[in-house]
Structure formats: C-alpha cells, structure tokens
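Engineer: A single structure is presented below for examination.
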Protein chains: 2
Amino acid sequence: MKKKRTSITDIANTLQVTPSTVSRALNGGGKVSEKKRLEIISLAKKLGYRPNPIAKSLLENRTNTIGLIIPEFTHHFYSRMLSGIESVTSKAGYQLLICTSNEDQNQEIKSIHTLLDARVDGIIATISKMNDKFEHLQEVMDNDTPLVLVDRFSEEIETPYVISDDFKGAFSAVDHLCQIGCRKIMHIKGPDNLSTTFNRFMGYKEALRKHEIELDERLILEGSNPDLVEKIKSCLENNWVDGAFAYSDYLAFEIYKAASQLTIPIPGQLSVIGYADEPISTYINPTLSTVNQQPFEMGVTGAKYLLNKINDPEIALEIKNLETKLVIRESCRRLEG
Amino acid sequence: MKKKRTSITDIANTLQVTPSTVSRALNGGGKVSEKKRLEIISLAKKLGYRPNPIAKSLLENRTNTIGLIIPEFTHHFYSRMLSGIESVTSKAGYQLLICTSNEDQNQEIKSIHTLLDARVDGIIATISKMNDKFEHLQEVMDNDTPLVLVDRFSEEIETPYVISDDFKGAFSAVDHLCQIGCRKIMHIKGPDNLSTTFNRFMGYKEALRKHEIELDERLILEGSNPDLVEKIKSCLENNWVDGAFAYSDYLAFEIYKAASQLTIPIPGQLSVIGYADEPISTYINPTLSTVNQQPFEMGVTGAKYLLNKINDPEIALEIKNLETKLVIRESCRRLEG
DNA sequence: CTGTTAGCGCTTTCAT
DNA sequence: ATGAAAGCGCTAACAG
C-alpha cells in the first residue's frame, strides 16, 4: 500500500493549531504570528511536507496539466515538436499528459475524452489523417477547454492553429528546381485528405506556373501507390524527368532507389528535394535537399499560445503559418547545357 | 473561465435524490430501484455526465497515472520505448505523465519530485548519463511508489530493472566479425559512466578472447573524442584495422566517413557493425549491420512489470535482461584470402 | 432501497 | 492572529 504522505492536518495536529493556520503560514498570504510561522515551516520541512496538487485541483478546478494528442512518437517531426512543447510547458510549471492516436480517429476521440475527463487545462492536438468527425473537437471547445491544433489543418473546425506554410515551402522547393534549370519536375503526393498534401501540391503547381512550365499529369504520382518505385522508374526511363519534389524525405528516398536501380546519377541527371528535413536526409548519399518545417518552433509556438489562452480565454483566435526553410544539400545541382 | 461540468450532485438535485443514490446507480454496485436507476442513468447521459477522476483520486489515493522520465524524445530508441510503454499503459487505462531530463541529473531530480507530487501510481525512468546522486530514487522507494528503471543500470540503486543484454549483444557482434575473418577489430566506446558503455566493451573483449585475438589498445577509441574521425583515419591508414564495432550506429557512421575519405571500401576492406538499429542504419550506404535492442519490447516489459507491481507491491524484484538481435546488413562481408 | 454522515487535503470566508 | 465551518466531487459505512 502506498504510504500516506504528511498532510497539512498532520502538521496542524502536532503543533496544536488548525489546518487553516498551517495553510496560511505555508502560503505566505494571510497573517500568522512570526513565531508560529517559523515553527510550522520548520516542521513542514522536517516532515518533508509537499502539498497535494490533487486536493488543490479539486478546489480550484484546474490541474496544471496540458493534454497532448499526437499520431505517434517515432517520426522525428513529432519528437521535435514534442520537445518544443515540453520545453515551454515544463518551464511554466505544467505537466504533460500524452496520448497517441495512431492516426486512428476513434482512438483520437477516446483520447480527447480521456483528457477532458482528466480535466486538463488545455489541449494541443494533431488531428489524425483520416478525419470526418469533428464533434469531439467541438466538445472540447464547448467545454471551454482551450484547444490548439498543430501541424494539420481542417476547414471544419474553428480554433487556433499552428501550422507550417506548406504552400510556400513546396513553392520554394520547386522554384529552386526550376531556377537550377529543371523543366520536367515530378511530384510524389502524400496521403489523401491531408491539408499538407493539398498545400504542397498547390505550391508545386504554383511554382510551375510561375516558370511557365506546363503541368504534366504523368509526373504526378501517389505516394501510397504500392509499386511506387516501379512507377518512378518508368518515368525516369522514358526521360520524362530532370527534377523531383517529394511530399516527404522518405518518398524522396524511394526516388533514390529507383534512380539507383537505373544508375541515373543524382544530382548529375536528376535533382531531388524532399520535405521535412528528417534525419534520413543527412544520412543518405547524396545528402538530400529538403524543406525544414521547424517542428521544435511549432511546438514552442503552439504551447505558448495555449498557455496564453489558458490565462486569457478571450485572446484572439490566430492561425499561425510558420515559415519553412529550404535546405539545399548535395541532391541538387544546376543542369549543364 | 472553464465551464463547470455536471456533477453527481447536480443529477441528485434535479432528481430529488441524494448523491449517494446517484453514485450507486451509476456504479452498478449497490441496490437501487430499477426505476430510479434508469432515471438517473438517462439523465446522466443527457447531461453528459462524466465522473471526476480527481475527486476519486483524492479519495482513493491513486491517480491511474504513470510517471515517465526519459532523457529526451528525439532518439529513435526512446521513441520506440515510449511507444511500447504507451501501448501497455493506455490499454490498462493509465495515463502517462512524461518528463524529460535532458541527461541532466538536476532536472531528473526535479522531475522525480514533480511526479511524486502529482501522486503518480508508479514511475518508469531511464537515469541520466551523469549520475552520482541517488537519494531521489531512494525517495521514490521510501514513498512506496513502484519504480522500474529501464535501459540503464546502476549498482547503487536496488529496484527492478529492464535492460538490454549489452554484453551478449556486443559479444555477438564482435563474434560475428571474427567469424567472417576479421582479426584487427576496432572498438569505439560510448560515454563514460554508462553501464551500457562498460558492458558493450566487455562483450567486445570477451569475443576477442574467445577467438584468441590479443587486445590492441590502439584500436580502442573514445566516441566523445572531438577529432574522432581523424583518429579513426590514422588507424585505417596504418592498416591496423579490418573490422570495427561501434557503441552506436551514429559512431559507426563516423567510421564510414573516415573510410570514405580514405576511399577504403566497406565491406570490401572493412566490416562494420553499429549498435541500436537506429533508422540511420538502413539509410546509409552500405546499409549498416547492427544490434537491435528491441526498445519497444523493453517499454512493454517495463510497463507490464510496473503495472504488476502496482497491483501487487510484494512482487519479486526482477532484473530483466532482454535479448538483443544481431542484424546483418551490407556492411559486413567475409574477408577474402 | 435510500438517506445521512463523514472524510480524502486543501483553501477560503466568517467569526472571534 | 487564529479557529470554526463549509465545500470542491465522490464514495462508503451506517442507519433507517
């Protein structure tokens, strides 16, 4: 059985005073005679007294806890975001209650209820890929629990967001490819239904438009395609491609595989840019150019905003579109001739 | 301001019964007339009643919360471990309160107190690299809060552990190098003070002994050395080396760099094995042989043990030494001639 | 079957 | 300056 911790009443009893007095002495606030104050404080220290935040929570209707829902832990992106969030919340004296959704909306709904039940003071969440229900998020808002959504955006739910400017990020990548002379630029799309997939595709198209390159439907591939590598190879073999922009660094790596199988040199014949600046991009050969989304900053920004909203619920609703950074590495080179 | 949630008393009042009755109706236990029971349940549903776990915690002196301390989020190893832990705890209806130590013992101490204050039902922790104080862990045990230490071991603290069998893991790696004909095997050590560093080094030595290879001090390098790559190069240049075992996959990658600078082919002239099976090992070229520590399993095992201990504090103290798996990839090849 | 009472640890009036 | 009392939401022991 868990040992009973010393409570304010224990101190009160041994000192022949009331709990109220002890509470006042410990919290500095009220008036207590200097003598008693010192007595109480020293006994508290001796007994290793630590206030029970649960009792306080019950009283104050706040828990000093932030709930967090992320799809999973293992992508570097989320780890970094988590670090960013943690760095802010821990400094502010908040604890983190973390749930994962595994990209499953039902689990997301369950997690929301868990967090709501736990009476967290606020929630930071990344909605799962497949999403068609929004009542649970509405529930959070109806409950006046501050909510900040990060990374993924949905038209359906009106709440503060911290997202990455995928449109500009993709645009800058493809714009770069064009500037170094690519004219036949492949794009590998991300999962359906994701705002990020859509926006990166839009950025791609806009960059082509700017450079007056006509969109070639044959060069738009679905990342979820089971024989993606074969599809890529067929594009490469037919010499349809001199540049590629992928939805993620992992999908860019698939391009590497295809190119390697056909012994097409990167960046000699093909320049490639990925997305997210995952660690993989610095390990593969040649090192991969990519778009950094600043996930740590995203976490920091989201957490700070949430804390502000907790302290001032009337704070203006904001949608922060974080700048991305184009990181050029070995996988891009100006086309000769 | 946060909206007041409907409480058991609210239901009691509107239905002209007492809170006890409502409690009984909702919890199934006691005897309540069928009629009232249905009335209460339906009203509870209508009002969206959700029990307040905080009140229950106060009463029962348990929180259904597990505290977790890890060095950081971004290493794949910890992410996987975290996933393993989460998969168990969430299924068992426990929440996770997560703190990071950033490998700083003072932060670790602070985190322990945070978790203890939060009255978590148990703690899973990976102690930080530099550690010379142990009172905080003792405090946890004195407080009768079940504690399981994972990944890193310390003689100083007697509690259940779930660790990876680093000795055997290292042994199997170096044994393999010997079997494919390596006789001059370099080792790059991990951080001082870490049980894992020590044990992997021991495994290395034992494998050499088994194959009657004399230890060559010149081939033992410190991973923390700022000009590690230069040191490695000097070993390679002098032709002292035909195999290498590194404390981590990242350190193994340093060997790749050195070899690449000297255009020494891997695995043609040099076989390399890393440790941990981090994602990097499948991305680099050639793909890196390594020792998989099964971090997910480690998390699962630690969490299960902790839950058992929470339910039965008298459970026998155990030190689980998880098996590792040698993963052979392209970076190893039998030496010709 | 249902109400009363008490209490988990703490804070906050309101008296004294 | 201090004590008494009430209450946060819930459960459990005890009376009816």
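In the structure tokens, chains take the letters A, B, ... in the order shown, each chain's residues start at 1, and ligands count up from 1 in the order shown.
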Residues of chain D within 10 Å of chain B, using only C-alpha atoms (C1' of nucleotides), as a CSV table (one decimal) with C-alpha atoms (C1' of nucleotides), in the first residue's frame?
Structural biologist:
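Listing of result_37.csv after writing:
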chain,number,residue,atom,x,y,z
D,8,DC,C1',-14.6,21.1,-4.3
D,9,DG,C1',-16.9,15.7,-6.2
D,10,DC,C1',-17.1,11.5,-4.9
D,11,DT,C1',-17.6,7.1,-2.1
D,12,DA,C1',-18.5,4.1,1.7
Engineer: Once DSSP has gone over the backbone, tell me which residues of stretch 38-154 of chain A are in alpha helix (DSSP H), as a PyMOL selection string.
Structural biologist: chain A and resi 38-46+53-60+76-91+105-117+135-142
Engineer: From a DSSP pass on the backbone, collect the residues of stretch 112-253 of chain B flagged as strand (DSSP E or B) and hand them back as a list in words.
Structural biologist: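 Filtering stretch 112-253 of chain B down to strand (DSSP E or B) leaves Gly122, Ile123, Ile124, Ala125, Leu147, Val148, Leu149, Val150, Tyr161, Val162, Ile163, Ser164, Ile185, Met186, His187, Ile188, Lys189, Ile220, Leu221, Glu222, Gly243, Ala244, Phe245 and Ala246 of chain B.
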Engineer: Provide the atom CA of A:Tyr204 to atom CA of A:Glu318 distance in Å, to one decimal place.
Structural biologist: 26.1 Å
Engineer: Got a sec: who's within 6 Å of A:Thr290, counting only C-alpha atoms (C1' of nucleotides), leaving out chain neighbours fewer than 2 positions off, as a PyMOL selection string?
Structural biologist: chain A and resi 273-275+277+327
Engineer: Go through B:Ala125, B:Leu47, B:Val150, B:Ile85 and flag the residue nearest B:Val300, using only C-alpha atoms for the distances.
Structural biologist: B:Ile85
Engineer: I need the contact residues of chain A against chain B, so if you could list those with any atom within 7 Å, counting only C-alpha atoms, and return them as a PyMOL selection string, that would help.
Structural biologist: chain A and resi 2-3+50+52-55+58+73-74+76+79-80+83+95-98+117-118+143-145+280+283-284
Engineer: Residues at most 12 Å from D:DG16, counting only C-alpha atoms (C1' of nucleotides), excluding those fewer than 5 positions away in the same chain, as a PDB file with N, CA, C and O atoms (P, O5', C5', C4', C3', O3' and C1' of nucleotides), in the first residue's frame?
Structural biologist:
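In the end it all went to result25.pdb:
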ATOM      1  P    DC C   1     -34.359  -3.591  -4.179  1.00  0.00           P
ATOM      2  O5'  DC C   1     -34.780  -2.156  -3.729  1.00  0.00           O
ATOM      3  C5'  DC C   1     -34.841  -0.979  -4.325  1.00  0.00           C
ATOM      4  C4'  DC C   1     -34.963  -0.011  -3.186  1.00  0.00           C
ATOM      5  C3'  DC C   1     -34.147   1.249  -3.470  1.00  0.00           C
ATOM      6  O3'  DC C   1     -35.077   2.304  -3.564  1.00  0.00           O
ATOM      7  C1'  DC C   1     -33.889   0.537  -1.213  1.00  0.00           C
ATOM      8  P    DT C   2     -34.717   3.536  -4.351  1.00  0.00           P
ATOM      9  O5'  DT C   2     -34.093   4.431  -3.200  1.00  0.00           O
ATOM     10  C5'  DT C   2     -34.972   5.057  -2.296  1.00  0.00           C
ATOM     11  C4'  DT C   2     -34.188   5.574  -1.119  1.00  0.00           C
ATOM     12  C3'  DT C   2     -33.207   6.687  -1.463  1.00  0.00           C
ATOM     13  O3'  DT C   2     -33.738   7.870  -0.910  1.00  0.00           O
ATOM     14  C1'  DT C   2     -32.372   5.190   0.170  1.00  0.00           C
ATOM     15  P    DG C   3     -33.120   9.277  -1.337  1.00  0.00           P
ATOM     16  O5'  DG C   3     -32.687   9.836   0.096  1.00  0.00           O
ATOM     17  C5'  DG C   3     -33.604   9.758   1.170  1.00  0.00           C
ATOM     18  C4'  DG C   3     -32.861   9.813   2.487  1.00  0.00           C
ATOM     19  C3'  DG C   3     -31.895  10.994   2.601  1.00  0.00           C
ATOM     20  O3'  DG C   3     -32.161  11.685   3.812  1.00  0.00           O
ATOM     21  C1'  DG C   3     -30.778   8.959   3.117  1.00  0.00           C
ATOM     22  P    DT C   4     -31.350  12.967   4.157  1.00  0.00           P
ATOM     23  O5'  DT C   4     -30.236  12.395   5.148  1.00  0.00           O
ATOM     24  C5'  DT C   4     -30.615  11.554   6.224  1.00  0.00           C
ATOM     25  C4'  DT C   4     -29.416  11.316   7.125  1.00  0.00           C
ATOM     26  C3'  DT C   4     -28.501  12.522   7.286  1.00  0.00           C
ATOM     27  O3'  DT C   4     -28.127  12.624   8.649  1.00  0.00           O
ATOM     28  C1'  DT C   4     -27.252  10.674   6.489  1.00  0.00           C
TER      29       DT C   4
END
Engineer: So that each row is one residue of chain C with an atom at most 10 Å from chain A, can you give its shortest atom pair and the distance in Å to one decimal, using only C-alpha atoms (C1' of nucleotides), rows by chain and rising number, as a Markdown table?
Structural biologist:
| residue | atom | partner | partner_atom | distance |
| --- | --- | --- | --- | --- |
| C:DC8 | C1' | A:Ala55 | CA | 8.3 |
| C:DG9 | C1' | A:Ala55 | CA | 5.1 |
| C:DC10 | C1' | A:Ala55 | CA | 5.7 |
| C:DT11 | C1' | A:Leu59 | CA | 7.6 |
| C:DT12 | C1' | A:Ser20 | CA | 9.0 |
Engineer: Any chance you could export the current selection's N, CA, C and O atoms (P, O5', C5', C4', C3', O3' and C1' of nucleotides) as a PDB file, in the first residue's frame?
Structural biologist:
ATOM      1  P    DC C   8      -9.692  12.249   6.327  1.00  0.00           P
ATOM      2  O5'  DC C   8      -8.870  12.036   4.992  1.00  0.00           O
ATOM      3  C5'  DC C   8      -8.926  10.847   4.201  1.00  0.00           C
ATOM      4  C4'  DC C   8      -8.773  11.221   2.757  1.00  0.00           C
ATOM      5  C3'  DC C   8      -7.958  12.487   2.549  1.00  0.00           C
ATOM      6  O3'  DC C   8      -6.596  12.140   2.335  1.00  0.00           O
ATOM      7  C1'  DC C   8      -9.955  12.455   1.169  1.00  0.00           C
ATOM      8  P    DG C   9      -5.438  12.795   3.175  1.00  0.00           P
ATOM      9  O5'  DG C   9      -5.361  14.260   2.565  1.00  0.00           O
ATOM     10  C5'  DG C   9      -4.815  14.444   1.271  1.00  0.00           C
ATOM     11  C4'  DG C   9      -4.841  15.916   0.943  1.00  0.00           C
ATOM     12  C3'  DG C   9      -4.169  16.820   1.973  1.00  0.00           C
ATOM     13  O3'  DG C   9      -3.281  17.667   1.277  1.00  0.00           O
ATOM     14  C1'  DG C   9      -6.359  17.578   1.544  1.00  0.00           C
ATOM     15  P    DC C  10      -2.522  18.825   1.945  1.00  0.00           P
ATOM     16  O5'  DC C  10      -3.482  20.045   1.592  1.00  0.00           O
ATOM     17  C5'  DC C  10      -3.658  20.383   0.224  1.00  0.00           C
ATOM     18  C4'  DC C  10      -4.748  21.403   0.097  1.00  0.00           C
ATOM     19  C3'  DC C  10      -4.491  22.707   0.826  1.00  0.00           C
ATOM     20  O3'  DC C  10      -4.035  23.665  -0.121  1.00  0.00           O
ATOM     21  C1'  DC C  10      -6.773  21.972   0.996  1.00  0.00           C
ATOM     22  P    DT C  11      -3.637  25.106   0.367  1.00  0.00           P
ATOM     23  O5'  DT C  11      -5.019  25.883   0.241  1.00  0.00           O
ATOM     24  C5'  DT C  11      -5.623  25.956  -1.035  1.00  0.00           C
ATOM     25  C4'  DT C  11      -6.943  26.688  -0.935  1.00  0.00           C
ATOM     26  C3'  DT C  11      -6.854  28.134  -0.439  1.00  0.00           C
ATOM     27  O3'  DT C  11      -7.675  28.891  -1.303  1.00  0.00           O
ATOM     28  C1'  DT C  11      -8.427  26.947   0.853  1.00  0.00           C
ATOM     29  P    DT C  12      -7.500  30.443  -1.370  1.00  0.00           P
ATOM     30  O5'  DT C  12      -8.939  30.939  -0.922  1.00  0.00           O
ATOM     31  C5'  DT C  12     -10.077  30.138  -1.212  1.00  0.00           C
ATOM     32  C4'  DT C  12     -11.238  30.547  -0.325  1.00  0.00           C
ATOM     33  C3'  DT C  12     -11.153  31.980   0.226  1.00  0.00           C
ATOM     34  O3'  DT C  12     -12.440  32.557   0.171  1.00  0.00           O
ATOM     35  C1'  DT C  12     -11.455  30.471   1.997  1.00  0.00           C
TER      36       DT C  12
END
Engineer: So, counting only C-alpha atoms, which residue among A:Leu335, A:Ala258, A:Val162, A:Ala25 is closest to A:Asp227?
Structural biologist: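 Result for the nearest residue to A:Asp227: A:Ala258.
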